[in-house]
Amino acid sequence: PRLEKYEEQLEVLGDRNSYSKTDTDAVFMRMKEDHMKNGQLKPAYNTQISTEDQFITHYSIHQTTADTTTLPEHLEGFECHYGKQSEQLVADAGYGSEQNYELMEKQGITAFVKYNYFHVEQKRKHKQDPFSVQNLYYNQQDDYYVCPAGQKLSFIGHATRVSANGYTAQVSCYQAQRCEGCPMRSGCHKAKGDRLIEVNHRLNQLKDKARERLVSEEGMYHRSKRPIEVESVFGQMKSNNRFTRFTMKGLEKVAVEFGLMAIAHNLRKWAKKWANDVFFGNGYSDKTLYTIKIGVRSVKTIKYRLTA
């Protein structure tokens with residue numbers, strides 16, 4: 001009987017690493033809801049949204065804690081609903097992976113997406129670190145690296161790395177000949193043997209393209225606008241509207257509930273936008289002004305029904 005119970009639990013678990021007994025579709029995620037702001041594991045869903053002018057254009061619900069693996073499904077859902085894909089995409093470092101860069105490049109999307117260590121690379125400490133893999137001299141013709149001590153790190157073979165969602169990446173391995181007795185070893189590495197590094201050349205090429213776009217004038221504009229666009233929407237829904245937890249259980253019902261909240265958010269934004277245009281005088285007639293006022297009252301009524 002206990003073995004049958006374990007088999008049932010593994011079947012419910014699927015490809016996830018956890019699930020809640022109160023809501024088997026939910027996954028345990030670290031929340032900062034207590035007064036001490038300590039991370040506590042609670043059943044939750046990973047919600048992704050796309051915005052434009054702070055209007056929610058698309059959303060998706062995921063059963064994973066990492067944001068990196070959610071982008072392919074999110075973009076697929078966006079294209080399925082609109083029949084086309086966005087020309088530009090702006091996201092933070094949580095989405096900067098080889099799979100996502102390849103996907104956006106294949107679909108012709110101009111990606112302003114940061115990657116891990118993007119901000120670290122801009123710091124003087126990292127740029128002046130001679131032992132960092134990114135700062136080692138690389139001979140592309142003969143395919144080898146050179147350490148600060150002048151020793152060659154020769155190519156020894158390829159290795160395959162598989163991500164959580166099954167994406168396969170190939171890395172190149174390089175190893176030094178002899179690190180024993182090197183005066184720089186303490187600052188270079190702490191391994192017992194000779195230094196071994198793994199380099200993903202394809203990912204480095206994609207990072208170079210992303211870095212070039214991010215540090216450009218257009219990239220700096222999008223980077224400064226991203227927190228205002230997306231983070232403010234989540235702040236409006238979670239803080240101002242008190243939508244901090246789902247009242248329904250199950251992935252399908254949760255998706256419907258969040259969809260209703262997204263509709264309510266867009267209606268409030270639409271009403272506020274048009275009300276401001278009318279009240280500040282943009283050439284609207286009295287008839288239009290009256291219609292807009294009725295529209296604002298309707299939105300408020302819908303708001304109360306949703307929160308109830």
# chains A, B, ... in the order shown; residues from 1 in each chain; ligands from 1

$ residues_around --residues "A:Glu257" --least-positions-apart "2" --cutoff "12 Å" --atoms "only C-alpha atoms" --output "ChimeraX atom specification"
/A:47,59-61,243,245-255,259-264,306-307

$ write_last_selection --atoms "N, CA and C atoms" --output "JSON list (two decimals), in the first residue's frame"
[["chain", "number", "residue", "atom", "x", "y", "z"],
["A", 47, "THR", "N", 3.52, 33.53, -12.26],
["A", 47, "THR", "CA", 2.71, 34.27, -13.23],
["A", 47, "THR", "C", 3.60, 35.19, -14.06],
["A", 59, "TYR", "N", -0.77, 37.08, -20.56],
["A", 59, "TYR", "CA", -0.31, 36.50, -19.30],
["A", 59, "TYR", "C", -0.27, 34.98, -19.45],
["A", 60, "SER", "N", 0.52, 34.35, -18.60],
["A", 60, "SER", "CA", 0.62, 32.89, -18.60],
["A", 60, "SER", "C", 0.95, 32.44, -17.19],
["A", 61, "ILE", "N", 0.42, 31.27, -16.81],
["A", 61, "ILE", "CA", 0.62, 30.69, -15.48],
["A", 61, "ILE", "C", 1.52, 29.46, -15.63],
["A", 243, "PHE", "N", -4.35, 41.97, -4.35],
["A", 243, "PHE", "CA", -4.41, 40.65, -4.98],
["A", 243, "PHE", "C", -3.08, 39.93, -4.70],
["A", 245, "ARG", "N", -3.02, 36.68, -3.26],
["A", 245, "ARG", "CA", -3.15, 35.23, -3.29],
["A", 245, "ARG", "C", -4.39, 34.86, -4.10],
["A", 246, "PHE", "N", -4.35, 33.66, -4.68],
["A", 246, "PHE", "CA", -5.49, 33.17, -5.44],
["A", 246, "PHE", "C", -6.53, 32.60, -4.48],
["A", 247, "THR", "N", -7.79, 32.78, -4.85],
["A", 247, "THR", "CA", -8.88, 32.21, -4.07],
["A", 247, "THR", "C", -9.35, 30.87, -4.63],
["A", 248, "MET", "N", -8.91, 30.54, -5.84],
["A", 248, "MET", "CA", -9.29, 29.29, -6.47],
["A", 248, "MET", "C", -8.12, 28.32, -6.44],
["A", 249, "LYS", "N", -8.41, 27.05, -6.67],
["A", 249, "LYS", "CA", -7.41, 25.99, -6.71],
["A", 249, "LYS", "C", -7.42, 25.34, -8.08],
["A", 250, "GLY", "N", -6.25, 24.89, -8.50],
["A", 250, "GLY", "CA", -6.14, 24.25, -9.81],
["A", 250, "GLY", "C", -5.64, 25.22, -10.86],
["A", 251, "LEU", "N", -4.82, 24.71, -11.78],
["A", 251, "LEU", "CA", -4.19, 25.57, -12.79],
["A", 251, "LEU", "C", -5.22, 26.24, -13.68],
["A", 252, "GLU", "N", -6.24, 25.53, -14.09],
["A", 252, "GLU", "CA", -7.25, 26.09, -14.99],
["A", 252, "GLU", "C", -8.05, 27.21, -14.32],
["A", 253, "LYS", "N", -8.47, 27.00, -13.09],
["A", 253, "LYS", "CA", -9.25, 28.02, -12.39],
["A", 253, "LYS", "C", -8.39, 29.23, -12.03],
["A", 254, "VAL", "N", -7.14, 28.96, -11.68],
["A", 254, "VAL", "CA", -6.23, 30.06, -11.35],
["A", 254, "VAL", "C", -6.00, 30.94, -12.57],
["A", 255, "ALA", "N", -5.89, 30.32, -13.75],
["A", 255, "ALA", "CA", -5.70, 31.10, -14.98],
["A", 255, "ALA", "C", -6.90, 31.99, -15.26],
["A", 259, "GLY", "N", -6.96, 36.06, -15.17],
["A", 259, "GLY", "CA", -7.47, 36.74, -16.36],
["A", 259, "GLY", "C", -8.49, 37.80, -16.01],
["A", 260, "LEU", "N", -9.36, 37.52, -15.05],
["A", 260, "LEU", "CA", -10.34, 38.51, -14.61],
["A", 260, "LEU", "C", -9.65, 39.71, -13.97],
["A", 261, "MET", "N", -8.62, 39.45, -13.19],
["A", 261, "MET", "CA", -7.88, 40.56, -12.57],
["A", 261, "MET", "C", -7.16, 41.39, -13.64],
["A", 262, "ALA", "N", -6.64, 40.73, -14.67],
["A", 262, "ALA", "CA", -5.98, 41.45, -15.75],
["A", 262, "ALA", "C", -6.97, 42.33, -16.52],
["A", 263, "ILE", "N", -8.16, 41.80, -16.77],
["A", 263, "ILE", "CA", -9.20, 42.60, -17.44],
["A", 263, "ILE", "C", -9.58, 43.81, -16.59],
["A", 264, "ALA", "N", -9.75, 43.59, -15.29],
["A", 264, "ALA", "CA", -10.10, 44.70, -14.40],
["A", 264, "ALA", "C", -8.99, 45.76, -14.40],
["A", 306, "LEU", "N", -15.48, 42.21, -8.80],
["A", 306, "LEU", "CA", -14.33, 41.31, -8.90],
["A", 306, "LEU", "C", -13.71, 41.06, -7.53],
["A", 307, "THR", "N", -13.54, 42.13, -6.76],
["A", 307, "THR", "CA", -12.93, 41.96, -5.45],
["A", 307, "THR", "C", -13.82, 41.21, -4.49]]

$ residues_around --residues "A:Phe131" --least-positions-apart "6" --cutoff "10 Å" --atoms "only C-alpha atoms" --output "PyMOL selection string"
chain A and resi 147-149+184-185+187-189

$ write_last_selection --atoms "all heavy atoms" --output "compact mmCIF listing (two decimals), in the first residue's frame"
# COMPACT_ATOMS: atom_id res chain seq x y z
N CYS A 147 46.61 31.54 -19.42
CA CYS A 147 46.38 32.05 -18.08
C CYS A 147 47.33 33.21 -17.79
O CYS A 147 48.29 33.44 -18.54
CB CYS A 147 46.56 30.93 -17.05
SG CYS A 147 48.26 30.44 -16.79
N PRO A 148 47.13 33.96 -16.70
CA PRO A 148 48.02 35.10 -16.40
C PRO A 148 49.48 34.70 -16.21
O PRO A 148 50.38 35.52 -16.39
CB PRO A 148 47.43 35.67 -15.11
CG PRO A 148 46.01 35.26 -15.14
CD PRO A 148 45.98 33.92 -15.79
N ALA A 149 49.73 33.42 -15.84
CA ALA A 149 51.11 32.96 -15.66
C ALA A 149 51.76 32.58 -16.98
O ALA A 149 52.93 32.19 -16.98
CB ALA A 149 51.14 31.78 -14.70
N MET A 184 50.88 31.94 -8.79
CA MET A 184 49.57 32.60 -8.90
C MET A 184 48.41 31.65 -8.64
O MET A 184 47.26 32.02 -8.84
CB MET A 184 49.40 33.22 -10.29
CG MET A 184 50.41 34.28 -10.62
SD MET A 184 50.07 35.01 -12.25
CE MET A 184 51.38 36.23 -12.35
N ARG A 185 48.70 30.43 -8.24
CA ARG A 185 47.63 29.44 -8.12
C ARG A 185 46.58 29.82 -7.08
O ARG A 185 45.39 29.58 -7.28
CB ARG A 185 48.23 28.08 -7.78
CG ARG A 185 47.18 27.00 -7.59
CD ARG A 185 47.75 25.63 -7.51
NE ARG A 185 46.70 24.64 -7.34
CZ ARG A 185 46.89 23.34 -7.38
NH1 ARG A 185 48.11 22.86 -7.59
NH2 ARG A 185 45.88 22.50 -7.22
N GLY A 187 45.35 32.63 -6.28
CA GLY A 187 44.38 33.59 -6.81
C GLY A 187 43.69 33.10 -8.06
O GLY A 187 42.70 33.69 -8.49
N CYS A 188 44.18 32.01 -8.65
CA CYS A 188 43.63 31.52 -9.92
C CYS A 188 42.49 30.53 -9.68
O CYS A 188 41.40 30.70 -10.21
CB CYS A 188 44.74 30.88 -10.74
SG CYS A 188 44.21 30.31 -12.38
N HIS A 189 42.74 29.48 -8.91
CA HIS A 189 41.70 28.47 -8.66
C HIS A 189 42.07 27.69 -7.41
O HIS A 189 43.21 27.76 -6.93
CB HIS A 189 41.55 27.52 -9.86
CG HIS A 189 42.73 26.61 -10.05
ND1 HIS A 189 42.72 25.29 -9.65
CD2 HIS A 189 43.96 26.83 -10.58
CE1 HIS A 189 43.88 24.74 -9.94
NE2 HIS A 189 44.64 25.65 -10.50

$ select_by_dssp --residues "stretch 166-288 of chain A" --states "alpha helix (DSSP H)" --output "PyMOL selection string"
chain A and resi 185-188+201-214+217-226+232-235+251-279+286-288
